[in-house]
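Asks: Can you keep this structure in mind? I'll have questions shortly.
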Amino acid sequence: MAALETMAFISNGVSIFTYFYGYMNFSLTKSATSLTNFMGTAFLLPLFGGFISDTYLSRFKTCLIFGCLEIMGFVLLAVQAHFKQRRPFPCKDVAPSATSHCESPTRSQEAILFTGLYLVALGTGGIKAALPSLGAEQFDEQDSREATSLSSFFNWYMFSLTFGAMLGVTFVVWISSNLGWDWAFGVCAVAVAMGILFLSMGLSIYRNYLPKGSPLVRTIQVFVAAIRKWRLPLPDMAGELHEVHDKEAAQNQILQRTYQFKCLDHAAIITAEDGPVLSAVSGSWKLCTITQIEETKILVRMLPIILSTVFMNTCLAQLQTFSIQQSTTMNRKIGNFEVPGSSVPVIPLLFMFILLPIYDKVFIPVARKLTGIPTGITQLQRVGVGLVLSAISMAVSGVIETRRKNVAIEHGMVDSPGPLPISVFWLGIQYAIFGMADMFTLAGMLDFFYSESSSGMKSLGTAISWCSLAFGYFTSTVVVSVVNKVSKGWLGSNNLNRDRLEYFYWLLAGVSVLNFGMYLVCARWYKYKMVQEEKSRWDHVEESINVSVGKDATP
């Protein structure tokens, strides 16, 4: 399911810029911002999908329903691409200096386009929230052998995403370039439908998670209860705060108290008025359990980690917009075969496809022996490596763009629409480095946010990891606009040979270095969750008696 859905989604993520620019006649800047807004929304909507999955539906049902929405979106896009009266006359072969004379799309044509696109975004958002959690919950975190396999699962989940993306940027992009966009969108719809079919085949053997109520409501309850009791003195002993230890309670995990954000602990202070809600498992608006408070603290602690990884995905957005446009100005031939510009991202995917099994089967076992950590290195260390590689990728991108422009000047082809005499595989260097960065960062974040989330908010935790990509794409839109305005035209024309894209890449590299420094501070500050071993209510009664009469007292 992951591979087929990713094939459909990523193929459009890397190539629909060309559809906007060459077939819908958007300007270069509008094409870039339309793509980043679409991708940003697609990676923000997992929050909605995670909420639905954790609160109302099982993860399997969430994948099924949102998959059908994604199919509807692709069908609508295919219909528009097929019927010429539903889109403007394409302007893809016009010289860059003459694009201002192209026919613009009407409002109704744009409405059809964006309705289809955002149905796809909604569908993929729900799948991205529920599908990783559905797979990960097949492993018991309380079993040491299965817990070790959980980290490996995310590596192989990433491998599946990579395989699907490779098919998308080669097979589906080839279809859009040679058979037409209507065929490409149709293939995407069929791929998602097949993914749903394959997912359904395992329904009888899945471990199914039952929703236990909204994690967002539980979080708000903590803040409300803490505000109500903020004047009460906070006990020093965690045992004096409210917790439900009953084995029959609907909690799979009991979280130990941590001492960050102690102000929230006021929500667990027991008063005389709290008698009717003392047995409540999910908390109330007056009294919450320590576990519920720790769930809230986890969400708060995750925010700085999310924010410090956003800028890497702002850089990723440039590889899906401006770098794709760069590829259309370069020589893309291998013998008699011409590589579609939108297929260039297959280079980092190929690196990831090769390196992920090596990472899982070679690096992790060796690192595990050296560090004693089951995953070889911690999830936050893995994310940090990816941030460093992304900064290097942006610096290299600036060097390669300088080389490309010099070739255009040397051959007098600055205003020529034809391909420059420089191989498109020069772009493979920056793509390869960023592919390694993505391998470390995305899988590390999925593992981190799933593992750190409590049992009642796993889908939401997975959704949070995708939000970094969403904010990165939205930030890209702002960054492009601001840089273009402040620089007075670095990215202002529809001709990359006259723009200053290399300056923009170097600016991103510099900011990425500063962002890595911010990430180091956030990662050192983060406190991992601590799970308390489950005990029966009689164990806790015995502990209370021991505390009262003393361990050395004679019966």
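Simple scheme: letters A, B, ... for chains in structure tokens order, numbers from 1 for residues in each chain, numbers from 1 for ligands in the order shown.
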With only C-alpha atoms as the counted atoms, please give the residues lying no more than 10 Å from A:Gly168, apart from itself and same-chain residues fewer than 4 positions off, as a PyMOL selection string.

Replies: chain A and resi 3-15+162-164+172-175+184+188+342-343+346

Asks: Measuring between only C-alpha atoms, which one of A:Leu234, A:Met312, A:Ala2, A:Ala408 shows the shortest distance to A:Asn495?

Replies: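 So, comparing all the options, the nearest one is A:Ala408.
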
Asks: Give the answer as one residue: which of A:Cys315, A:Leu255, A:Leu197, A:Leu491 has the shortest atom-to-atom distance to A:Met1, using only C-alpha atoms?

Replies: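 The closest residue to A:Met1 is A:Leu197.
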
Asks: I'd like the neighbourhood of A:Gly125 as an MDAnalysis selection string, where a residue qualifies if any of its atoms comes within 8 Å (using only C-alpha atoms), though same-chain residues fewer than 4 positions away should be ignored.

Replies: chainID A and resid 42:49 66 121 129

Asks: Write down as an mmCIF file with N, CA, C and O atoms, in the first residue's frame the residues belonging to stretch 143-267 of chain A that are assigned helix (DSSP H, G or I) by DSSP computed on the backbone.

Replies:
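After the write, out-v7.cif holds the following:
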data_model
loop_
_atom_site.group_PDB
_atom_site.id
_atom_site.type_symbol
_atom_site.label_atom_id
_atom_site.label_comp_id
_atom_site.auth_asym_id
_atom_site.auth_seq_id
_atom_site.Cartn_x
_atom_site.Cartn_y
_atom_site.Cartn_z
ATOM 1 N N SER A 144 10.960 -7.048 24.124
ATOM 2 C CA SER A 144 12.272 -6.518 23.732
ATOM 3 C C SER A 144 12.646 -6.926 22.303
ATOM 4 O O SER A 144 13.231 -6.136 21.560
ATOM 5 N N ARG A 145 12.311 -8.154 21.897
ATOM 6 C CA ARG A 145 12.656 -8.608 20.545
ATOM 7 C C ARG A 145 11.843 -7.851 19.496
ATOM 8 O O ARG A 145 12.371 -7.404 18.486
ATOM 9 N N GLU A 146 10.537 -7.704 19.754
ATOM 10 C CA GLU A 146 9.692 -6.985 18.800
ATOM 11 C C GLU A 146 9.988 -5.493 18.799
ATOM 12 O O GLU A 146 9.869 -4.826 17.769
ATOM 13 N N ALA A 147 10.386 -4.933 19.948
ATOM 14 C CA ALA A 147 10.710 -3.508 20.020
ATOM 15 C C ALA A 147 11.914 -3.178 19.150
ATOM 16 O O ALA A 147 11.974 -2.122 18.518
ATOM 17 N N THR A 148 12.897 -4.099 19.114
ATOM 18 C CA THR A 148 14.060 -3.897 18.241
ATOM 19 C C THR A 148 13.647 -3.944 16.776
ATOM 20 O O THR A 148 14.139 -3.169 15.950
ATOM 21 N N SER A 149 12.705 -4.832 16.464
ATOM 22 C CA SER A 149 12.222 -4.940 15.080
ATOM 23 C C SER A 149 11.419 -3.723 14.651
ATOM 24 O O SER A 149 11.290 -3.449 13.460
ATOM 25 N N LEU A 150 10.876 -2.977 15.620
ATOM 26 C CA LEU A 150 10.069 -1.813 15.290
ATOM 27 C C LEU A 150 10.891 -0.776 14.525
ATOM 28 O O LEU A 150 10.435 -0.220 13.520
ATOM 29 N N SER A 151 12.108 -0.513 14.994
ATOM 30 C CA SER A 151 12.978 0.443 14.305
ATOM 31 C C SER A 151 13.300 -0.052 12.904
ATOM 32 O O SER A 151 13.334 0.725 11.939
ATOM 33 N N SER A 152 13.526 -1.364 12.779
ATOM 34 C CA SER A 152 13.793 -1.939 11.467
ATOM 35 C C SER A 152 12.582 -1.794 10.555
ATOM 36 O O SER A 152 12.727 -1.578 9.344
ATOM 37 N N PHE A 153 11.373 -1.892 11.132
ATOM 38 C CA PHE A 153 10.169 -1.719 10.330
ATOM 39 C C PHE A 153 10.149 -0.355 9.648
ATOM 40 O O PHE A 153 9.797 -0.242 8.464
ATOM 41 N N PHE A 154 10.520 0.699 10.375
ATOM 42 C CA PHE A 154 10.487 2.029 9.773
ATOM 43 C C PHE A 154 11.521 2.161 8.659
ATOM 44 O O PHE A 154 11.307 2.887 7.687
ATOM 45 N N ASN A 155 12.652 1.458 8.796
ATOM 46 C CA ASN A 155 13.622 1.456 7.694
ATOM 47 C C ASN A 155 13.025 0.806 6.446
ATOM 48 O O ASN A 155 13.182 1.305 5.329
ATOM 49 N N TRP A 156 12.333 -0.324 6.627
ATOM 50 C CA TRP A 156 11.744 -1.015 5.482
ATOM 51 C C TRP A 156 10.493 -0.308 4.977
ATOM 52 O O TRP A 156 10.161 -0.395 3.786
ATOM 53 N N TYR A 157 9.797 0.386 5.856
ATOM 54 C CA TYR A 157 8.690 1.232 5.402
ATOM 55 C C TYR A 157 9.241 2.341 4.501
ATOM 56 O O TYR A 157 8.687 2.633 3.438
ATOM 57 N N MET A 158 10.360 2.937 4.914
ATOM 58 C CA MET A 158 11.013 3.955 4.099
ATOM 59 C C MET A 158 11.496 3.353 2.777
ATOM 60 O O MET A 158 11.427 3.994 1.720
ATOM 61 N N PHE A 159 11.963 2.111 2.833
ATOM 62 C CA PHE A 159 12.396 1.407 1.615
ATOM 63 C C PHE A 159 11.218 1.256 0.650
ATOM 64 O O PHE A 159 11.364 1.442 -0.562
ATOM 65 N N SER A 160 10.038 0.933 1.185
ATOM 66 C CA SER A 160 8.836 0.792 0.347
ATOM 67 C C SER A 160 8.445 2.132 -0.272
ATOM 68 O O SER A 160 8.067 2.196 -1.446
ATOM 69 N N LEU A 161 8.523 3.204 0.534
ATOM 70 C CA LEU A 161 8.238 4.535 0.000
ATOM 71 C C LEU A 161 9.206 4.871 -1.131
ATOM 72 O O LEU A 161 8.812 5.436 -2.160
ATOM 73 N N THR A 162 10.477 4.524 -0.929
ATOM 74 C CA THR A 162 11.495 4.812 -1.945
ATOM 75 C C THR A 162 11.228 4.040 -3.229
ATOM 76 O O THR A 162 11.330 4.590 -4.334
ATOM 77 N N PHE A 163 10.891 2.759 -3.090
ATOM 78 C CA PHE A 163 10.603 1.939 -4.265
ATOM 79 C C PHE A 163 9.414 2.504 -5.039
ATOM 80 O O PHE A 163 9.438 2.612 -6.275
ATOM 81 N N GLY A 164 8.362 2.874 -4.311
ATOM 82 C CA GLY A 164 7.200 3.456 -4.967
ATOM 83 C C GLY A 164 7.532 4.782 -5.636
ATOM 84 O O GLY A 164 7.066 5.057 -6.752
ATOM 85 N N ALA A 165 8.335 5.602 -4.963
ATOM 86 C CA ALA A 165 8.717 6.892 -5.537
ATOM 87 C C ALA A 165 9.551 6.711 -6.799
ATOM 88 O O ALA A 165 9.415 7.468 -7.767
ATOM 89 N N MET A 166 10.430 5.688 -6.805
ATOM 90 C CA MET A 166 11.217 5.410 -8.006
ATOM 91 C C MET A 166 10.318 5.063 -9.187
ATOM 92 O O MET A 166 10.534 5.528 -10.318
ATOM 93 N N LEU A 167 9.296 4.239 -8.941
ATOM 94 C CA LEU A 167 8.344 3.920 -10.007
ATOM 95 C C LEU A 167 7.605 5.180 -10.462
ATOM 96 O O LEU A 167 7.347 5.372 -11.657
ATOM 97 N N GLY A 168 7.284 6.033 -9.492
ATOM 98 C CA GLY A 168 6.546 7.245 -9.831
ATOM 99 C C GLY A 168 7.326 8.200 -10.713
ATOM 100 O O GLY A 168 6.798 8.720 -11.698
ATOM 101 N N VAL A 169 8.600 8.445 -10.364
ATOM 102 C CA VAL A 169 9.385 9.439 -11.104
ATOM 103 C C VAL A 169 9.963 8.871 -12.396
ATOM 104 O O VAL A 169 10.583 9.620 -13.160
ATOM 105 N N THR A 170 9.805 7.583 -12.640
ATOM 106 C CA THR A 170 10.261 7.011 -13.915
ATOM 107 C C THR A 170 9.062 6.563 -14.756
ATOM 108 O O THR A 170 8.766 7.154 -15.788
ATOM 109 N N PHE A 171 8.356 5.540 -14.286
ATOM 110 C CA PHE A 171 7.257 4.957 -15.050
ATOM 111 C C PHE A 171 6.112 5.951 -15.267
ATOM 112 O O PHE A 171 5.679 6.204 -16.400
ATOM 113 N N VAL A 172 5.606 6.547 -14.170
ATOM 114 C CA VAL A 172 4.456 7.455 -14.300
ATOM 115 C C VAL A 172 4.850 8.745 -15.015
ATOM 116 O O VAL A 172 4.086 9.267 -15.842
ATOM 117 N N VAL A 173 6.052 9.271 -14.718
ATOM 118 C CA VAL A 173 6.503 10.486 -15.402
ATOM 119 C C VAL A 173 6.694 10.226 -16.891
ATOM 120 O O VAL A 173 6.379 11.072 -17.736
ATOM 121 N N TRP A 174 7.188 9.031 -17.253
ATOM 122 C CA TRP A 174 7.324 8.685 -18.667
ATOM 123 C C TRP A 174 5.957 8.674 -19.346
ATOM 124 O O TRP A 174 5.800 9.150 -20.469
ATOM 125 N N ILE A 175 4.963 8.161 -18.646
ATOM 126 C CA ILE A 175 3.604 8.136 -19.198
ATOM 127 C C ILE A 175 3.101 9.563 -19.435
ATOM 128 O O ILE A 175 2.536 9.875 -20.489
ATOM 129 N N SER A 176 3.303 10.448 -18.444
ATOM 130 C CA SER A 176 2.826 11.833 -18.604
ATOM 131 C C SER A 176 3.537 12.543 -19.742
ATOM 132 O O SER A 176 2.941 13.379 -20.434
ATOM 133 N N SER A 177 4.818 12.219 -19.964
ATOM 134 C CA SER A 177 5.595 12.886 -21.016
ATOM 135 C C SER A 177 5.302 12.329 -22.399
ATOM 136 O O SER A 177 5.404 13.062 -23.397
ATOM 137 N N ASN A 178 4.927 11.058 -22.492
ATOM 138 C CA ASN A 178 4.803 10.414 -23.798
ATOM 139 C C ASN A 178 3.370 10.051 -24.188
ATOM 140 O O ASN A 178 3.032 10.073 -25.376
ATOM 141 N N TRP A 181 -1.043 13.490 -19.850
ATOM 142 C CA TRP A 181 -1.334 13.618 -18.424
ATOM 143 C C TRP A 181 -2.619 12.892 -18.043
ATOM 144 O O TRP A 181 -2.772 12.479 -16.877
ATOM 145 N N ASP A 182 -3.550 12.760 -18.965
ATOM 146 C CA ASP A 182 -4.775 12.029 -18.629
ATOM 147 C C ASP A 182 -4.462 10.570 -18.315
ATOM 148 O O ASP A 182 -4.999 9.990 -17.361
ATOM 149 N N TRP A 183 -3.557 9.957 -19.092
ATOM 150 C CA TRP A 183 -3.124 8.591 -18.808
ATOM 151 C C TRP A 183 -2.382 8.515 -17.469
ATOM 152 O O TRP A 183 -2.574 7.567 -16.697
ATOM 153 N N ALA A 184 -1.529 9.496 -17.201
ATOM 154 C CA ALA A 184 -0.743 9.482 -15.958
ATOM 155 C C ALA A 184 -1.650 9.554 -14.736
ATOM 156 O O ALA A 184 -1.496 8.784 -13.775
ATOM 157 N N PHE A 185 -2.607 10.489 -14.750
ATOM 158 C CA PHE A 185 -3.535 10.595 -13.615
ATOM 159 C C PHE A 185 -4.382 9.334 -13.478
ATOM 160 O O PHE A 185 -4.696 8.893 -12.359
ATOM 161 N N GLY A 186 -4.768 8.741 -14.607
ATOM 162 C CA GLY A 186 -5.539 7.498 -14.561
ATOM 163 C C GLY A 186 -4.750 6.356 -13.944
ATOM 164 O O GLY A 186 -5.282 5.580 -13.137
ATOM 165 N N VAL A 187 -3.475 6.241 -14.309
ATOM 166 C CA VAL A 187 -2.621 5.203 -13.722
ATOM 167 C C VAL A 187 -2.494 5.408 -12.215
ATOM 168 O O VAL A 187 -2.492 4.445 -11.432
ATOM 169 N N CYS A 188 -2.393 6.667 -11.782
ATOM 170 C CA CYS A 188 -2.293 6.960 -10.343
ATOM 171 C C CYS A 188 -3.548 6.491 -9.606
ATOM 172 O O CYS A 188 -3.461 5.927 -8.502
ATOM 173 N N ALA A 189 -4.722 6.730 -10.207
ATOM 174 C CA ALA A 189 -5.976 6.282 -9.583
ATOM 175 C C ALA A 189 -6.010 4.765 -9.456
ATOM 176 O O ALA A 189 -6.401 4.213 -8.409
ATOM 177 N N VAL A 190 -5.589 4.056 -10.497
ATOM 178 C CA VAL A 190 -5.565 2.592 -10.464
ATOM 179 C C VAL A 190 -4.566 2.088 -9.425
ATOM 180 O O VAL A 190 -4.824 1.115 -8.708
ATOM 181 N N ALA A 191 -3.409 2.771 -9.310
ATOM 182 C CA ALA A 191 -2.376 2.353 -8.351
ATOM 183 C C ALA A 191 -2.892 2.429 -6.920
ATOM 184 O O ALA A 191 -2.676 1.511 -6.113
ATOM 185 N N VAL A 192 -3.578 3.527 -6.579
ATOM 186 C CA VAL A 192 -4.118 3.663 -5.215
ATOM 187 C C VAL A 192 -5.187 2.604 -4.967
ATOM 188 O O VAL A 192 -5.257 2.017 -3.875
ATOM 189 N N ALA A 193 -6.015 2.328 -5.961
ATOM 190 C CA ALA A 193 -7.044 1.294 -5.815
ATOM 191 C C ALA A 193 -6.406 -0.072 -5.570
ATOM 192 O O ALA A 193 -6.875 -0.854 -4.720
ATOM 193 N N MET A 194 -5.321 -0.383 -6.291
ATOM 194 C CA MET A 194 -4.615 -1.645 -6.069
ATOM 195 C C MET A 194 -3.995 -1.679 -4.674
ATOM 196 O O MET A 194 -3.971 -2.724 -4.008
ATOM 197 N N GLY A 195 -3.500 -0.529 -4.210
ATOM 198 C CA GLY A 195 -2.938 -0.465 -2.868
ATOM 199 C C GLY A 195 -3.966 -0.801 -1.810
ATOM 200 O O GLY A 195 -3.693 -1.530 -0.851
ATOM 201 N N ILE A 196 -5.171 -0.260 -1.970
ATOM 202 C CA ILE A 196 -6.255 -0.567 -1.031
ATOM 203 C C ILE A 196 -6.583 -2.055 -1.065
ATOM 204 O O ILE A 196 -6.821 -2.685 -0.017
ATOM 205 N N LEU A 197 -6.577 -2.641 -2.255
ATOM 206 C CA LEU A 197 -6.856 -4.075 -2.391
ATOM 207 C C LEU A 197 -5.812 -4.905 -1.649
ATOM 208 O O LEU A 197 -6.151 -5.824 -0.889
ATOM 209 N N PHE A 198 -4.529 -4.577 -1.849
ATOM 210 C CA PHE A 198 -3.462 -5.327 -1.165
ATOM 211 C C PHE A 198 -3.554 -5.158 0.346
ATOM 212 O O PHE A 198 -3.347 -6.110 1.104
ATOM 213 N N LEU A 199 -3.850 -3.946 0.809
ATOM 214 C CA LEU A 199 -3.964 -3.706 2.248
ATOM 215 C C LEU A 199 -5.101 -4.535 2.842
ATOM 216 O O LEU A 199 -4.980 -5.090 3.940
ATOM 217 N N SER A 200 -6.201 -4.643 2.105
ATOM 218 C CA SER A 200 -7.371 -5.375 2.594
ATOM 219 C C SER A 200 -7.107 -6.870 2.727
ATOM 220 O O SER A 200 -7.761 -7.551 3.523
ATOM 221 N N LEU A 203 -6.367 -7.989 6.339
ATOM 222 C CA LEU A 203 -7.262 -7.539 7.410
ATOM 223 C C LEU A 203 -7.446 -8.587 8.505
ATOM 224 O O LEU A 203 -7.479 -8.255 9.690
ATOM 225 N N SER A 204 -7.526 -9.853 8.123
ATOM 226 C CA SER A 204 -7.816 -10.900 9.111
ATOM 227 C C SER A 204 -6.659 -11.188 10.054
ATOM 228 O O SER A 204 -6.853 -11.805 11.099
ATOM 229 N N ILE A 205 -5.457 -10.740 9.726
ATOM 230 C CA ILE A 205 -4.296 -11.060 10.573
ATOM 231 C C ILE A 205 -3.717 -9.834 11.281
ATOM 232 O O ILE A 205 -2.754 -9.955 12.030
ATOM 233 N N PRO A 215 -7.062 12.383 21.495
ATOM 234 C CA PRO A 215 -5.883 12.830 22.232
ATOM 235 C C PRO A 215 -5.841 14.347 22.367
ATOM 236 O O PRO A 215 -5.282 14.866 23.335
ATOM 237 N N LEU A 216 -6.459 15.055 21.429
ATOM 238 C CA LEU A 216 -6.490 16.514 21.529
ATOM 239 C C LEU A 216 -7.370 16.967 22.680
ATOM 240 O O LEU A 216 -7.035 17.920 23.400
ATOM 241 N N VAL A 217 -8.507 16.265 22.878
ATOM 242 C CA VAL A 217 -9.385 16.593 24.007
ATOM 243 C C VAL A 217 -8.663 16.324 25.323
ATOM 244 O O VAL A 217 -8.723 17.131 26.261
ATOM 245 N N ARG A 218 -7.948 15.186 25.405
ATOM 246 C CA ARG A 218 -7.216 14.881 26.633
ATOM 247 C C ARG A 218 -6.153 15.941 26.919
ATOM 248 O O ARG A 218 -5.897 16.287 28.074
ATOM 249 N N THR A 219 -5.530 16.449 25.860
ATOM 250 C CA THR A 219 -4.520 17.489 26.041
ATOM 251 C C THR A 219 -5.147 18.781 26.550
ATOM 252 O O THR A 219 -4.619 19.420 27.478
ATOM 253 N N ILE A 220 -6.275 19.167 25.973
ATOM 254 C CA ILE A 220 -6.954 20.394 26.410
ATOM 255 C C ILE A 220 -7.426 20.252 27.854
ATOM 256 O O ILE A 220 -7.378 21.202 28.642
ATOM 257 N N GLN A 221 -7.884 19.033 28.228
ATOM 258 C CA GLN A 221 -8.308 18.800 29.616
ATOM 259 C C GLN A 221 -7.181 19.093 30.598
ATOM 260 O O GLN A 221 -7.413 19.656 31.674
ATOM 261 N N VAL A 222 -5.973 18.717 30.236
ATOM 262 C CA VAL A 222 -4.823 18.950 31.120
ATOM 263 C C VAL A 222 -4.630 20.445 31.349
ATOM 264 O O VAL A 222 -4.447 20.900 32.492
ATOM 265 N N PHE A 223 -4.660 21.212 30.290
ATOM 266 C CA PHE A 223 -4.460 22.654 30.429
ATOM 267 C C PHE A 223 -5.574 23.291 31.251
ATOM 268 O O PHE A 223 -5.312 24.153 32.112
ATOM 269 N N VAL A 224 -6.824 22.873 31.008
ATOM 270 C CA VAL A 224 -7.956 23.438 31.756
ATOM 271 C C VAL A 224 -7.853 23.090 33.233
ATOM 272 O O VAL A 224 -8.002 23.963 34.116
ATOM 273 N N ALA A 225 -7.575 21.813 33.551
ATOM 274 C CA ALA A 225 -7.473 21.392 34.949
ATOM 275 C C ALA A 225 -6.287 22.059 35.646
ATOM 276 O O ALA A 225 -6.375 22.434 36.828
ATOM 277 N N ALA A 226 -5.163 22.214 34.932
ATOM 278 C CA ALA A 226 -3.985 22.857 35.523
ATOM 279 C C ALA A 226 -4.259 24.321 35.833
ATOM 280 O O ALA A 226 -3.825 24.845 36.876
ATOM 281 N N ILE A 227 -4.985 25.005 34.959
ATOM 282 C CA ILE A 227 -5.327 26.413 35.204
ATOM 283 C C ILE A 227 -6.261 26.537 36.401
ATOM 284 O O ILE A 227 -6.123 27.444 37.232
ATOM 285 N N ARG A 228 -7.212 25.600 36.510
ATOM 286 C CA ARG A 228 -8.154 25.646 37.637
ATOM 287 C C ARG A 228 -7.456 25.486 38.981
ATOM 288 O O ARG A 228 -7.893 26.038 39.993
ATOM 289 N N ALA A 238 5.411 11.869 43.619
ATOM 290 C CA ALA A 238 4.520 11.561 42.494
ATOM 291 C C ALA A 238 3.339 10.708 42.949
ATOM 292 O O ALA A 238 2.258 10.776 42.367
ATOM 293 N N GLY A 239 3.539 9.889 44.009
ATOM 294 C CA GLY A 239 2.475 9.027 44.499
ATOM 295 C C GLY A 239 1.288 9.783 45.055
ATOM 296 O O GLY A 239 0.209 9.217 45.227
ATOM 297 N N GLU A 240 1.462 11.061 45.366
ATOM 298 C CA GLU A 240 0.370 11.873 45.896
ATOM 299 C C GLU A 240 -0.473 12.496 44.793
ATOM 300 O O GLU A 240 -1.471 13.156 45.082
ATOM 301 N N LYS A 262 6.467 21.563 35.087
ATOM 302 C CA LYS A 262 5.822 21.150 36.334
ATOM 303 C C LYS A 262 4.485 21.847 36.556
ATOM 304 O O LYS A 262 3.648 21.353 37.308
ATOM 305 N N CYS A 263 4.291 23.000 35.907
ATOM 306 C CA CYS A 263 3.024 23.710 36.079
ATOM 307 C C CYS A 263 1.832 22.865 35.639
ATOM 308 O O CYS A 263 0.721 23.013 36.168
ATOM 309 N N LEU A 264 2.048 21.953 34.679
ATOM 310 C CA LEU A 264 0.952 21.098 34.219
ATOM 311 C C LEU A 264 0.597 20.030 35.246
ATOM 312 O O LEU A 264 -0.508 19.476 35.212
ATOM 313 N N ASP A 265 1.523 19.718 36.167
ATOM 314 C CA ASP A 265 1.252 18.688 37.178
ATOM 315 C C ASP A 265 0.126 19.087 38.122
ATOM 316 O O ASP A 265 -0.442 18.232 38.813
ATOM 317 N N HIS A 266 -0.203 20.373 38.161
ATOM 318 C CA HIS A 266 -1.319 20.814 39.014
ATOM 319 C C HIS A 266 -2.614 20.124 38.614
ATOM 320 O O HIS A 266 -3.522 19.987 39.441
ATOM 321 N N ALA A 267 -2.721 19.680 37.361
ATOM 322 C CA ALA A 267 -3.951 19.026 36.907
ATOM 323 C C ALA A 267 -4.193 17.699 37.609
ATOM 324 O O ALA A 267 -5.310 17.173 37.569
#

Asks: My list of candidates is A:Tyr359, A:Asn515, A:Leu287, A:Ser34. Which is closest to A:Ser476 when distances are computed with only C-alpha atoms?

Replies: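 That would be A:Ser34, the residue with the smallest distance to A:Ser476.
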
Asks: Can you pull out the residues contacting A:Pro348? Cut-off 8 Å, using only C-alpha atoms, and skip same-chain residues under 2 positions away; I want them as a PyMOL selection string.

Replies: chain A and resi 345-346+350-352+428+431-436

Asks: List the neighbours of A:Ser451 out to 10 Å using only C-alpha atoms; skip same-chain residues closer than 4 positions along the sequence, and give me the result as a PyMOL selection string.

Replies: chain A and resi 136+141+147+150-151+379+445-447+455+458+461-462+528-529

Asks: Can you tell me, as a list in words, which residues in stretch 317-419 of chain A count as strand (DSSP E) by DSSP?

Replies: Met330, Asn331, Lys333, Ile334, Phe337 and Glu338 of chain A

Asks: Nearest to A:Phe51: which of A:Ser133, A:Gln318, A:Gln260, A:Ser459 is it, counting only C-alpha atoms?

Replies: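 When distances to A:Phe51 are compared using only C-alpha atoms, the smallest one comes from A:Ser459.
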
Asks: Hey, can you check how far atom CA of A:Leu316 sits from atom CA of A:Tyr505?

Replies: 11.3 Å

Asks: Neighbours of A:Lys30 within 10 Å (only C-alpha atoms; same-chain residues fewer than 4 positions away dropped), as a list of chain:residue names?

Replies: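 Near A:Lys30, the qualifying residues are A:Phe17, A:Phe20, A:Tyr21, A:Asn25, A:Phe26, A:Ser34, A:Leu35, A:Thr36, A:Thr477.
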
Asks: Write out the residues from the selection above, keeping N, CA and C atoms, as a PDB file, in the first residue's frame.

Replies:
ATOM      1  N   PHE A  17       4.733  20.371 -11.429  1.00  0.00           N
ATOM      2  CA  PHE A  17       5.280  21.701 -11.725  1.00  0.00           C
ATOM      3  C   PHE A  17       5.297  21.923 -13.235  1.00  0.00           C
ATOM      4  N   PHE A  20       1.728  22.514 -14.387  1.00  0.00           N
ATOM      5  CA  PHE A  20       1.324  23.894 -14.111  1.00  0.00           C
ATOM      6  C   PHE A  20       1.910  24.853 -15.148  1.00  0.00           C
ATOM      7  N   TYR A  21       3.201  24.731 -15.370  1.00  0.00           N
ATOM      8  CA  TYR A  21       3.935  25.701 -16.189  1.00  0.00           C
ATOM      9  C   TYR A  21       3.680  25.515 -17.689  1.00  0.00           C
ATOM     10  N   ASN A  25      -0.357  26.881 -18.061  1.00  0.00           N
ATOM     11  CA  ASN A  25       0.158  28.217 -18.391  1.00  0.00           C
ATOM     12  C   ASN A  25       0.320  29.129 -17.179  1.00  0.00           C
ATOM     13  N   PHE A  26       0.666  28.531 -16.020  1.00  0.00           N
ATOM     14  CA  PHE A  26       1.016  29.344 -14.863  1.00  0.00           C
ATOM     15  C   PHE A  26       2.399  29.943 -15.088  1.00  0.00           C
ATOM     16  N   SER A  34       2.279  27.142  -6.295  1.00  0.00           N
ATOM     17  CA  SER A  34       1.142  26.203  -6.348  1.00  0.00           C
ATOM     18  C   SER A  34       1.582  24.804  -5.943  1.00  0.00           C
ATOM     19  N   LEU A  35       2.773  24.405  -6.401  1.00  0.00           N
ATOM     20  CA  LEU A  35       3.285  23.092  -6.036  1.00  0.00           C
ATOM     21  C   LEU A  35       3.579  23.009  -4.549  1.00  0.00           C
ATOM     22  N   THR A  36       4.282  24.009  -4.012  1.00  0.00           N
ATOM     23  CA  THR A  36       4.654  23.954  -2.592  1.00  0.00           C
ATOM     24  C   THR A  36       3.423  24.055  -1.696  1.00  0.00           C
ATOM     25  N   THR A 477       7.308  28.718   0.145  1.00  0.00           N
ATOM     26  CA  THR A 477       6.531  29.730  -0.577  1.00  0.00           C
ATOM     27  C   THR A 477       6.861  31.124  -0.069  1.00  0.00           C
TER      28      THR A 477
END

Asks: Mind giving me the straight-line distance from atom CA of A:Leu119 to atom CA of A:Gly180 in Å, one decimal?

Replies: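 Pair atom CA of A:Leu119 / atom CA of A:Gly180 returns 21.1 Å.
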